[in-house]
Structure formats: structure tokens, C-alpha cells
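Raw query_11.tsv, TSV, N, CA and C atoms:
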chain	number	residue	atom	x	y	z
A	27	MET	N	-1.41	-10.99	-33.04
A	27	MET	CA	-2.03	-10.17	-32.03
A	27	MET	C	-3.18	-9.40	-32.66
A	28	CYS	N	-4.18	-9.15	-31.90
A	28	CYS	CA	-5.39	-8.50	-32.38
A	28	CYS	C	-5.23	-6.99	-32.34
A	29	ASN	N	-5.13	-6.35	-33.49
A	29	ASN	CA	-4.97	-4.90	-33.54
A	29	ASN	C	-6.27	-4.17	-33.25
A	30	GLY	N	-7.38	-4.82	-33.43
A	30	GLY	CA	-8.67	-4.18	-33.21
A	30	GLY	C	-9.14	-4.22	-31.77
A	31	CYS	N	-8.43	-4.92	-30.91
A	31	CYS	CA	-8.84	-5.08	-29.52
A	31	CYS	C	-8.47	-3.85	-28.71
A	32	ALA	N	-9.46	-3.18	-28.15
A	32	ALA	CA	-9.22	-1.97	-27.36
A	32	ALA	C	-8.64	-2.30	-26.00
A	33	PHE	N	-8.73	-3.55	-25.58
A	33	PHE	CA	-8.30	-3.94	-24.24
A	33	PHE	C	-7.02	-4.78	-24.28
A	34	LYS	N	-6.17	-4.59	-25.29
A	34	LYS	CA	-5.04	-5.47	-25.48
A	34	LYS	C	-3.96	-5.35	-24.40
A	35	GLU	N	-3.90	-4.26	-23.64
A	35	GLU	CA	-2.86	-4.12	-22.63
A	35	GLU	C	-3.25	-4.75	-21.30
A	36	PHE	N	-4.49	-5.18	-21.15
A	36	PHE	CA	-4.95	-5.73	-19.89
A	36	PHE	C	-4.85	-7.24	-19.86
A	37	GLU	N	-4.89	-7.79	-18.66
A	37	GLU	CA	-4.73	-9.22	-18.44
A	37	GLU	C	-5.87	-10.03	-19.05
A	38	THR	N	-7.11	-9.57	-18.87
A	38	THR	CA	-8.26	-10.29	-19.40
A	38	THR	C	-9.01	-9.39	-20.38
A	39	PRO	N	-8.79	-9.57	-21.66
A	39	PRO	CA	-9.43	-8.71	-22.65
A	39	PRO	C	-10.92	-8.99	-22.76
A	40	LYS	N	-11.65	-7.97	-23.17
A	40	LYS	CA	-13.09	-8.11	-23.36
A	40	LYS	C	-13.44	-7.91	-24.83
A	41	CYS	N	-12.54	-8.35	-25.66
A	41	CYS	CA	-12.69	-8.21	-27.09
A	41	CYS	C	-13.80	-9.13	-27.58
A	42	THR	N	-14.82	-8.59	-28.21
A	42	THR	CA	-15.89	-9.42	-28.75
A	42	THR	C	-15.81	-9.49	-30.27
A	43	LYS	N	-15.35	-8.42	-30.89
A	43	LYS	CA	-15.29	-8.37	-32.34
A	43	LYS	C	-14.29	-9.38	-32.90
A	44	TYR	N	-13.14	-9.53	-32.23
A	44	TYR	CA	-12.09	-10.42	-32.71
A	44	TYR	C	-11.84	-11.56	-31.72
A	45	GLN	N	-12.86	-12.00	-31.04
A	45	GLN	CA	-12.71	-12.97	-29.95
A	45	GLN	C	-12.00	-14.26	-30.38
A	46	LYS	N	-12.32	-14.81	-31.53
A	46	LYS	CA	-11.72	-16.08	-31.95
A	46	LYS	C	-10.26	-15.90	-32.32
A	47	ASN	N	-9.91	-14.77	-32.90
A	47	ASN	CA	-8.55	-14.56	-33.38
A	47	ASN	C	-7.67	-13.80	-32.37
A	48	CYS	N	-8.21	-13.41	-31.26
A	48	CYS	CA	-7.47	-12.60	-30.30
A	48	CYS	C	-6.48	-13.46	-29.52
A	49	ALA	N	-5.19	-13.30	-29.79
A	49	ALA	CA	-4.14	-14.11	-29.15
A	49	ALA	C	-3.89	-13.66	-27.71
A	50	ILE	N	-4.39	-12.52	-27.35
A	50	ILE	CA	-4.16	-11.98	-26.01
A	50	ILE	C	-4.87	-12.81	-24.96
A	51	GLN	N	-5.96	-13.44	-25.32
A	51	GLN	CA	-6.72	-14.22	-24.35
A	51	GLN	C	-5.91	-15.37	-23.77
A	52	GLU	N	-5.04	-15.96	-24.57
A	52	GLU	CA	-4.25	-17.09	-24.10
A	52	GLU	C	-3.03	-16.65	-23.33
A	53	LYS	N	-2.60	-15.41	-23.51
A	53	LYS	CA	-1.34	-14.94	-22.96
A	53	LYS	C	-1.59	-13.81	-21.98
A	54	LYS	N	-1.02	-13.91	-20.76
A	54	LYS	CA	-1.14	-12.84	-19.78
A	54	LYS	C	0.07	-11.91	-19.91
A	55	SER	N	-0.15	-10.67	-19.57
A	55	SER	CA	0.92	-9.69	-19.63
A	55	SER	C	1.91	-9.93	-18.49
A	56	PRO	N	3.18	-10.19	-18.79
A	56	PRO	CA	4.14	-10.46	-17.72
A	56	PRO	C	4.40	-9.25	-16.83
A	57	LYS	N	4.26	-8.05	-17.38
A	57	LYS	CA	4.50	-6.84	-16.60
A	57	LYS	C	3.47	-6.71	-15.48
A	58	ILE	N	2.21	-6.94	-15.77
A	58	ILE	CA	1.16	-6.86	-14.77
A	58	ILE	C	1.32	-7.95	-13.72
A	59	CYS	N	1.60	-9.18	-14.16
A	59	CYS	CA	1.73	-10.29	-13.23
A	59	CYS	C	2.93	-10.11	-12.31
A	60	SER	N	4.08	-9.68	-12.84
A	60	SER	CA	5.27	-9.55	-12.01
A	60	SER	C	5.11	-8.42	-11.01
A	61	LYS	N	4.43	-7.34	-11.39
A	61	LYS	CA	4.23	-6.24	-10.46
A	61	LYS	C	3.33	-6.68	-9.31
A	62	SER	N	2.26	-7.38	-9.60
A	62	SER	CA	1.37	-7.80	-8.53
A	62	SER	C	2.02	-8.87	-7.66
A	63	ALA	N	2.85	-9.72	-8.22
A	63	ALA	CA	3.55	-10.73	-7.43
A	63	ALA	C	4.55	-10.07	-6.49
A	64	LYS	N	5.22	-9.04	-6.98
A	64	LYS	CA	6.17	-8.31	-6.15
A	64	LYS	C	5.44	-7.62	-5.00
A	65	LEU	N	4.31	-7.01	-5.29
A	65	LEU	CA	3.53	-6.34	-4.26
A	65	LEU	C	2.97	-7.34	-3.25
A	66	ARG	N	2.53	-8.50	-3.74
A	66	ARG	CA	2.05	-9.55	-2.82
A	66	ARG	C	3.15	-10.00	-1.88
A	67	LYS	N	4.35	-10.15	-2.38
A	67	LYS	CA	5.48	-10.58	-1.55
A	67	LYS	C	5.79	-9.52	-0.50
A	68	LEU	N	5.79	-8.24	-0.90
A	68	LEU	CA	6.01	-7.16	0.05
A	68	LEU	C	4.96	-7.16	1.15
A	69	GLU	N	3.69	-7.33	0.75
A	69	GLU	CA	2.60	-7.29	1.73
A	69	GLU	C	2.65	-8.47	2.70
A	70	ARG	N	3.06	-9.63	2.23
A	70	ARG	CA	3.16	-10.80	3.10
A	70	ARG	C	4.21	-10.61	4.19
A	71	ASN	N	5.29	-9.93	3.87
A	71	ASN	CA	6.42	-9.78	4.78
A	71	ASN	C	6.45	-8.42	5.48
A	72	ARG	N	5.30	-7.79	5.68
A	72	ARG	CA	5.28	-6.47	6.31
A	72	ARG	C	5.75	-6.53	7.76
A	73	GLU	N	6.52	-5.53	8.13
A	73	GLU	CA	6.99	-5.36	9.49
A	73	GLU	C	6.79	-3.90	9.87
A	74	SER	N	6.93	-3.59	11.16
A	74	SER	CA	6.73	-2.23	11.63
A	74	SER	C	7.90	-1.78	12.48
A	75	LEU	N	8.31	-0.52	12.28
A	75	LEU	CA	9.33	0.08	13.14
A	75	LEU	C	8.75	0.49	14.48
A	76	PHE	N	7.44	0.60	14.56
A	76	PHE	CA	6.78	1.11	15.76
A	76	PHE	C	6.46	0.02	16.78
A	77	THR	N	6.20	-1.20	16.32
A	77	THR	CA	5.83	-2.28	17.23
A	77	THR	C	6.19	-3.64	16.64
A	78	ASP	N	6.42	-4.60	17.51
A	78	ASP	CA	6.65	-5.97	17.06
A	78	ASP	C	5.36	-6.77	16.99
A	79	ASP	N	4.33	-6.29	17.69
A	79	ASP	CA	3.03	-6.97	17.76
A	79	ASP	C	2.10	-6.43	16.67
A	80	LEU	N	2.00	-7.15	15.57
A	80	LEU	CA	1.14	-6.74	14.47
A	80	LEU	C	-0.27	-7.33	14.59
A	81	GLU	N	-0.59	-7.94	15.72
A	81	GLU	CA	-1.89	-8.56	15.94
A	81	GLU	C	-2.84	-7.67	16.74
A	82	HIS	N	-2.32	-6.61	17.36
A	82	HIS	CA	-3.13	-5.72	18.20
A	82	HIS	C	-2.93	-4.27	17.78
A	83	CYS	N	-3.99	-3.48	17.88
A	83	CYS	CA	-3.98	-2.07	17.50
A	83	CYS	C	-2.90	-1.32	18.28
A	84	ILE	N	-2.13	-0.50	17.60
A	84	ILE	CA	-1.07	0.25	18.24
A	84	ILE	C	-1.62	1.36	19.13
A	85	ILE	N	-2.86	1.79	18.90
A	85	ILE	CA	-3.45	2.87	19.69
A	85	ILE	C	-4.20	2.34	20.90
A	86	CYS	N	-5.08	1.34	20.69
A	86	CYS	CA	-5.93	0.89	21.80
A	86	CYS	C	-5.69	-0.56	22.23
A	87	GLY	N	-4.96	-1.33	21.44
A	87	GLY	CA	-4.66	-2.71	21.81
A	87	GLY	C	-5.70	-3.73	21.41
A	88	LYS	N	-6.76	-3.31	20.71
A	88	LYS	CA	-7.81	-4.24	20.30
A	88	LYS	C	-7.38	-5.08	19.10
A	89	SER	N	-8.14	-6.13	18.89
A	89	SER	CA	-7.92	-7.01	17.77
A	89	SER	C	-9.30	-7.30	17.16
A	90	PRO	N	-9.51	-7.57	15.93
A	90	PRO	CA	-8.60	-7.73	14.80
A	90	PRO	C	-8.10	-6.39	14.27
A	91	VAL	N	-7.03	-6.46	13.49
A	91	VAL	CA	-6.42	-5.25	12.97
A	91	VAL	C	-6.28	-5.30	11.46
A	92	ASN	N	-6.13	-4.12	10.87
A	92	ASN	CA	-5.74	-3.97	9.48
A	92	ASN	C	-4.36	-3.33	9.51
A	93	LEU	N	-3.47	-3.80	8.66
A	93	LEU	CA	-2.14	-3.19	8.59
A	93	LEU	C	-2.22	-1.98	7.67
A	94	HIS	N	-1.88	-0.84	8.22
A	94	HIS	CA	-2.01	0.44	7.51
A	94	HIS	C	-0.63	1.00	7.21
A	95	GLU	N	-0.38	1.31	5.95
A	95	GLU	CA	0.87	1.94	5.55
A	95	GLU	C	0.71	3.44	5.82
A	96	ILE	N	1.65	4.02	6.54
A	96	ILE	CA	1.53	5.43	6.94
A	96	ILE	C	1.45	6.32	5.71
A	97	PHE	N	2.32	6.11	4.76
A	97	PHE	CA	2.33	6.91	3.54
A	97	PHE	C	1.72	6.07	2.42
A	98	GLY	N	0.52	6.40	2.01
A	98	GLY	CA	-0.19	5.62	1.01
A	98	GLY	C	0.02	6.14	-0.39
A	99	GLY	N	-0.83	5.70	-1.29
A	99	GLY	CA	-0.76	6.13	-2.68
A	99	GLY	C	0.52	5.66	-3.34
A	100	ARG	N	1.22	6.58	-3.96
A	100	ARG	CA	2.45	6.22	-4.68
A	100	ARG	C	3.57	5.79	-3.73
A	101	ASN	N	3.44	6.15	-2.45
A	101	ASN	CA	4.47	5.80	-1.46
A	101	ASN	C	4.12	4.56	-0.65
A	102	ARG	N	3.08	3.86	-1.03
A	102	ARG	CA	2.65	2.68	-0.28
A	102	ARG	C	3.75	1.62	-0.23
A	103	SER	N	4.34	1.32	-1.37
A	103	SER	CA	5.40	0.30	-1.39
A	103	SER	C	6.64	0.77	-0.64
A	104	ASN	N	6.92	2.09	-0.65
A	104	ASN	CA	8.04	2.61	0.15
A	104	ASN	C	7.75	2.46	1.64
A	105	SER	N	6.50	2.68	2.03
A	105	SER	CA	6.13	2.49	3.43
A	105	SER	C	6.36	1.05	3.86
A	106	ILE	N	5.99	0.12	3.01
A	106	ILE	CA	6.20	-1.30	3.32
A	106	ILE	C	7.69	-1.61	3.36
A	107	LYS	N	8.42	-1.11	2.39
A	107	LYS	CA	9.85	-1.38	2.28
A	107	LYS	C	10.63	-0.87	3.50
A	108	TYR	N	10.27	0.33	3.98
A	108	TYR	CA	10.98	0.93	5.11
A	108	TYR	C	10.26	0.70	6.44
A	109	LYS	N	9.33	-0.24	6.46
A	109	LYS	CA	8.64	-0.70	7.68
A	109	LYS	C	7.84	0.39	8.38
A	110	LEU	N	7.24	1.28	7.62
A	110	LEU	CA	6.38	2.32	8.18
A	110	LEU	C	4.94	1.85	8.10
A	111	VAL	N	4.66	0.80	8.86
A	111	VAL	CA	3.37	0.13	8.85
A	111	VAL	C	2.80	0.14	10.27
A	112	LEU	N	1.49	0.37	10.38
A	112	LEU	CA	0.83	0.39	11.69
A	112	LEU	C	-0.28	-0.65	11.74
A	113	PRO	N	-0.37	-1.41	12.82
A	113	PRO	CA	-1.56	-2.25	13.01
A	113	PRO	C	-2.65	-1.40	13.66
A	114	LEU	N	-3.77	-1.22	12.97
A	114	LEU	CA	-4.87	-0.41	13.49
A	114	LEU	C	-6.13	-1.25	13.54
A	115	CYS	N	-6.88	-1.13	14.65
A	115	CYS	CA	-8.10	-1.92	14.79
A	115	CYS	C	-9.11	-1.52	13.73
A	116	THR	N	-9.80	-2.51	13.22
A	116	THR	CA	-10.74	-2.33	12.13
A	116	THR	C	-11.91	-1.44	12.53
A	117	CYS	N	-12.41	-1.62	13.74
A	117	CYS	CA	-13.66	-0.95	14.12
A	117	CYS	C	-13.50	0.49	14.57
A	118	GLU	N	-12.34	0.92	15.03
A	118	GLU	CA	-12.23	2.29	15.52
A	118	GLU	C	-11.18	3.14	14.81
A	119	HIS	N	-9.99	2.65	14.67
A	119	HIS	CA	-8.90	3.51	14.26
A	119	HIS	C	-8.47	3.40	12.80
A	120	HIS	N	-9.02	2.46	12.05
A	120	HIS	CA	-8.55	2.35	10.66
A	120	HIS	C	-9.40	3.14	9.69
A	121	ASN	N	-10.61	2.70	9.40
A	121	ASN	CA	-11.35	3.37	8.32
A	121	ASN	C	-12.82	3.59	8.59
A	122	GLN	N	-13.22	3.80	9.82
A	122	GLN	CA	-14.63	4.06	10.13
A	122	GLN	C	-14.90	5.56	10.15
A	123	ILE	N	-15.92	5.99	9.42
A	123	ILE	CA	-16.28	7.40	9.36
A	123	ILE	C	-16.75	7.89	10.72
A	124	GLU	N	-17.68	7.15	11.34
A	124	GLU	CA	-18.26	7.59	12.59
A	124	GLU	C	-17.27	7.60	13.74
A	125	CYS	N	-16.22	6.79	13.68
A	125	CYS	CA	-15.23	6.72	14.76
A	125	CYS	C	-14.01	7.58	14.46
A	126	LYS	N	-14.02	8.26	13.33
A	126	LYS	CA	-12.89	9.09	12.91
A	126	LYS	C	-11.61	8.26	12.79
A	127	GLY	N	-11.66	7.24	11.96
A	127	GLY	CA	-10.48	6.43	11.70
A	127	GLY	C	-9.42	7.23	10.97
A	128	ILE	N	-8.25	6.67	10.81
A	128	ILE	CA	-7.11	7.38	10.23
A	128	ILE	C	-7.37	7.84	8.80
A	129	HIS	N	-8.24	7.15	8.07
A	129	HIS	CA	-8.55	7.56	6.70
A	129	HIS	C	-9.46	8.79	6.66
A	130	PHE	N	-10.13	9.10	7.76
A	130	PHE	CA	-11.07	10.22	7.77
A	130	PHE	C	-10.68	11.33	8.74
A	131	ASP	N	-9.70	11.12	9.59
A	131	ASP	CA	-9.29	12.10	10.58
A	131	ASP	C	-7.93	12.69	10.18
A	132	LYS	N	-7.97	13.89	9.61
A	132	LYS	CA	-6.75	14.53	9.12
A	132	LYS	C	-5.75	14.78	10.25
A	133	LYS	N	-6.24	15.13	11.42
A	133	LYS	CA	-5.36	15.40	12.55
A	133	LYS	C	-4.57	14.14	12.96
A	134	LEU	N	-5.26	13.01	13.05
A	134	LEU	CA	-4.62	11.75	13.39
A	134	LEU	C	-3.63	11.32	12.31
A	135	ARG	N	-4.03	11.51	11.04
A	135	ARG	CA	-3.18	11.14	9.91
A	135	ARG	C	-1.90	11.99	9.90
A	136	ASP	N	-2.05	13.31	10.11
A	136	ASP	CA	-0.88	14.19	10.13
A	136	ASP	C	0.06	13.87	11.29
A	137	GLU	N	-0.52	13.48	12.42
A	137	GLU	CA	0.29	13.08	13.57
A	137	GLU	C	1.16	11.88	13.22
A	138	TRP	N	0.58	10.89	12.55
A	138	TRP	CA	1.35	9.69	12.18
A	138	TRP	C	2.32	9.97	11.04
A	139	TYR	N	2.00	10.93	10.16
A	139	TYR	CA	2.97	11.33	9.13
A	139	TYR	C	4.24	11.85	9.80
A	140	LYS	N	4.06	12.70	10.80
A	140	LYS	CA	5.22	13.28	11.50
A	140	LYS	C	5.99	12.21	12.26
A	141	LYS	N	5.27	11.32	12.95
A	141	LYS	CA	5.93	10.23	13.68
A	141	LYS	C	6.67	9.32	12.70
A	142	GLY	N	6.06	9.05	11.56
A	142	GLY	CA	6.68	8.18	10.55
A	142	GLY	C	7.96	8.79	10.00
A	143	GLU	N	7.92	10.08	9.69
A	143	GLU	CA	9.13	10.73	9.17
A	143	GLU	C	10.22	10.76	10.24
A	144	SER	N	9.85	11.06	11.47
A	144	SER	CA	10.84	11.09	12.56
A	144	SER	C	11.49	9.72	12.76
A	145	LYS	N	10.67	8.68	12.75
A	145	LYS	CA	11.17	7.31	12.94
A	145	LYS	C	12.07	6.91	11.78
A	146	PHE	N	11.70	7.31	10.56
A	146	PHE	CA	12.50	7.01	9.37
A	146	PHE	C	13.88	7.66	9.50
A	147	ILE	N	13.91	8.93	9.87
A	147	ILE	CA	15.17	9.67	10.00
A	147	ILE	C	16.04	9.06	11.10
A	148	GLU	N	15.40	8.65	12.18
A	148	GLU	CA	16.11	8.02	13.30
A	148	GLU	C	16.70	6.66	12.90
A	149	THR	N	15.93	5.88	12.15
A	149	THR	CA	16.34	4.53	11.78
A	149	THR	C	17.29	4.50	10.58
A	150	PHE	N	17.05	5.37	9.61
A	150	PHE	CA	17.87	5.40	8.39
A	150	PHE	C	18.51	6.78	8.23
A	151	PRO	N	19.51	7.12	9.05
A	151	PRO	CA	20.09	8.47	9.01
A	151	PRO	C	20.84	8.78	7.71
A	152	ASN	N	21.28	7.77	7.00
A	152	ASN	CA	22.03	8.00	5.76
A	152	ASN	C	21.13	8.15	4.53
A	153	LEU	N	19.81	7.98	4.68
A	153	LEU	CA	18.88	8.14	3.55
A	153	LEU	C	18.14	9.46	3.67
A	154	ASP	N	17.78	10.02	2.52
A	154	ASP	CA	17.06	11.29	2.50
A	154	ASP	C	15.56	11.03	2.37
A	155	PHE	N	14.80	11.36	3.40
A	155	PHE	CA	13.36	11.11	3.42
A	155	PHE	C	12.66	11.83	2.27
A	156	LYS	N	12.99	13.09	2.08
A	156	LYS	CA	12.31	13.89	1.05
A	156	LYS	C	12.58	13.35	-0.36
A	157	GLU	N	13.76	12.81	-0.58
A	157	GLU	CA	14.09	12.25	-1.88
A	157	GLU	C	13.29	10.99	-2.17
A	158	ILE	N	13.06	10.18	-1.14
A	158	ILE	CA	12.34	8.92	-1.31
A	158	ILE	C	10.83	9.14	-1.36
A	159	PHE	N	10.28	9.91	-0.41
A	159	PHE	CA	8.83	10.08	-0.29
A	159	PHE	C	8.30	11.33	-0.98
A	160	LYS	N	9.19	12.17	-1.51
A	160	LYS	CA	8.84	13.37	-2.30
A	160	LYS	C	8.07	14.43	-1.50
A	161	LYS	N	8.12	14.37	-0.17
A	161	LYS	CA	7.43	15.36	0.63
A	161	LYS	C	8.03	15.39	2.03
A	162	ASN	N	7.93	16.54	2.68
A	162	ASN	CA	8.44	16.69	4.04
A	162	ASN	C	7.25	16.98	4.95
A	163	TYR	N	7.12	16.24	6.04
A	163	TYR	CA	5.98	16.41	6.95
A	163	TYR	C	6.34	17.09	8.26
A	164	LEU	N	7.64	17.26	8.56
A	164	LEU	CA	8.05	17.91	9.80
A	164	LEU	C	8.11	19.41	9.67

Could you spell out this file's structure in C-alpha cells?
Amino acid sequence: MCNGCAFKEFETPKCTKYQKNCAIQEKKSPKICSKSAKLRKLERNRESLFTDDLEHCIICGKSPVNLHEIFGGRNRSNSIKYKLVLPLCTCEHHNQIECKGIHFDKKLRDEWYKKGESKFIETFPNLDFKEIFKKNYL
């Protein structure tokens, strides 16, 4: 293994000094690959507690949609796991600045945080929301 390579923990190293002797180039990190494969599998099988129709926006009914996880960031995979996913139309309700999409409208985002927590508590009464998502929105 190349001790001089500053990029040895990444999948595709950019080592130029030790390029010929760098064994990392032939070998991919299994930790990175398995994590992304797991996330890909979760994303392929997304479902929603709010609707069965993931092809139309839950707010206005338009299509095409982007599937939006209610709780993003570190809780994105938890949102997928517990089916807290919303189909939101691309042009108005997902991420447009001028249309005040959910990524830019704090009021809309907070409303869905509360609905998401309520639905979680209703669907999974034996699980603790605050323990899983590390925050309380109600």
C-alpha cells in the first residue's frame, strides 16, 4: 500500500507521486461500496405512509415528481426506512426558489415535519421518535 498517497481512503486516488506503485488504484474500498449499495437499494424501494401514488405531487397532483425525504441530512435513511417520503412536483413544491419549494419555505417544511412525526407515532406506536430522529417537532 502506498503510504505517501494522501487520498488512500477514497475509491479513486489521485496519487501522482506514487502512481505506479500505488496498490489502491486496483482495489476499491469495500466500506464505501457497500454503503452506497445499501443506500441505492433503500432508494429503489422507497414507499410513503402518506400516499400510494408516488407518480403525482401530494400537494397539487402534478407530474413529474421528485421523491423527498421529510427528514433529511443524517436522518435521510431513517426517513426512507420508516416510509416518511413525499412525492413533490419538480417545478413548484420541491426545490424552486421562486415558487417557495419545500427546500426554501421554512413554514412548509415545518408543517411536514409535524405531519411526519404525527404519522410516525400513529404508525409505529412502540418506537420512540425522538430516540430515532434525535429531535422532537411537535

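Among A:Leu164, A:Cys115, A:Ile106, A:Ile158, the residue with the shortest atom-to-atom distance to Cys86 in chain A, counting only N, CA and C atoms, is A:Cys115.
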
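We find CA of Lys67 in chain A and CA of Phe159 in chain A to be spaced 21.0 Å apart.
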
What is the distance, in Å and to one decimal place, between CA of Tyr139 in chain A and atom C of Ile85 in chain A?
16.5 Å

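Note that CA of Arg102 in chain A and CA of Leu114 in chain A are 16.0 Å apart.
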
Mind checking which residues fall within 6 Å of Val91 in chain A, counting all atoms listed in the file, ignoring those fewer than 2 positions away in the same chain, and posting them as an MDAnalysis selection string?
chainID A and resid 81 83 88:89 93 113:116

When you look at Glu143 in chain A with a cut-off of 8 Å (counting all atoms listed in the file), what residues show up, excluding the ones that are within fewer than 6 positions of it in the same chain? I need them as a PyMOL selection string.
chain A and resi 137+149+155+162-164

Report, as JSON, the axis-aligned box around all atoms of range 92-99 of chain A present in the file, extended by 6 Å on each side; give centre and edge lengths in Å to one decimal place.
{"center_x": -1.9, "center_y": 1.4, "center_z": 3.8, "size_x": 20.5, "size_y": 23.0, "size_z": 26.2}

Identify the residues within 7 Å of coordinate (4.0, -5.5, 11.2) (same frame as the file), considering only C-alpha atoms, and give the answer as a list in words.
Arg72, Glu73, Ser74, Asp78, Asp79, Leu80, Val111, Leu112 and Pro113 of chain A

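Here the question is which of A:Ser144, A:Ser103, A:Leu134, A:Glu69 gets nearest to Lys156 in chain A using only C-alpha atoms, and that residue is A:Ser144.
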
With distances taken over all atoms listed in the file, which residue among A:Lys64, A:Lys160, A:His120, A:His129 lies nearest Asn92 in chain A?
A:His120

Can you list, as a PyMOL selection string, every residue of range 44-158 of chain A that DSSP puts in alpha helix (DSSP H)?
chain A and resi 56-70+102-107+132-149+155-158

If you run DSSP on the backbone, which residues of range 52-119 of chain A are strand (DSSP E), as a compact mmCIF listing (two decimals) with N, CA and C atoms, in the frame of the given file?
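Written file, part_39.txt:
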# COMPACT_ATOMS: atom_id res chain seq x y z
N VAL A 91 -7.03 -6.46 13.49
CA VAL A 91 -6.42 -5.25 12.97
C VAL A 91 -6.28 -5.30 11.46
N ASN A 92 -6.13 -4.12 10.87
CA ASN A 92 -5.74 -3.97 9.48
C ASN A 92 -4.36 -3.33 9.51
N LEU A 93 -3.47 -3.80 8.66
CA LEU A 93 -2.14 -3.19 8.59
C LEU A 93 -2.22 -1.98 7.67
N HIS A 94 -1.88 -0.84 8.22
CA HIS A 94 -2.01 0.44 7.51
C HIS A 94 -0.63 1.00 7.21
N GLU A 95 -0.38 1.31 5.95
CA GLU A 95 0.87 1.94 5.55
C GLU A 95 0.71 3.44 5.82
N VAL A 111 4.66 0.80 8.86
CA VAL A 111 3.37 0.13 8.85
C VAL A 111 2.80 0.14 10.27
N LEU A 112 1.49 0.37 10.38
CA LEU A 112 0.83 0.39 11.69
C LEU A 112 -0.28 -0.65 11.74
N PRO A 113 -0.37 -1.41 12.82
CA PRO A 113 -1.56 -2.25 13.01
C PRO A 113 -2.65 -1.40 13.66
N LEU A 114 -3.77 -1.22 12.97
CA LEU A 114 -4.87 -0.41 13.49
C LEU A 114 -6.13 -1.25 13.54
N CYS A 115 -6.88 -1.13 14.65
CA CYS A 115 -8.10 -1.92 14.79
C CYS A 115 -9.11 -1.52 13.73
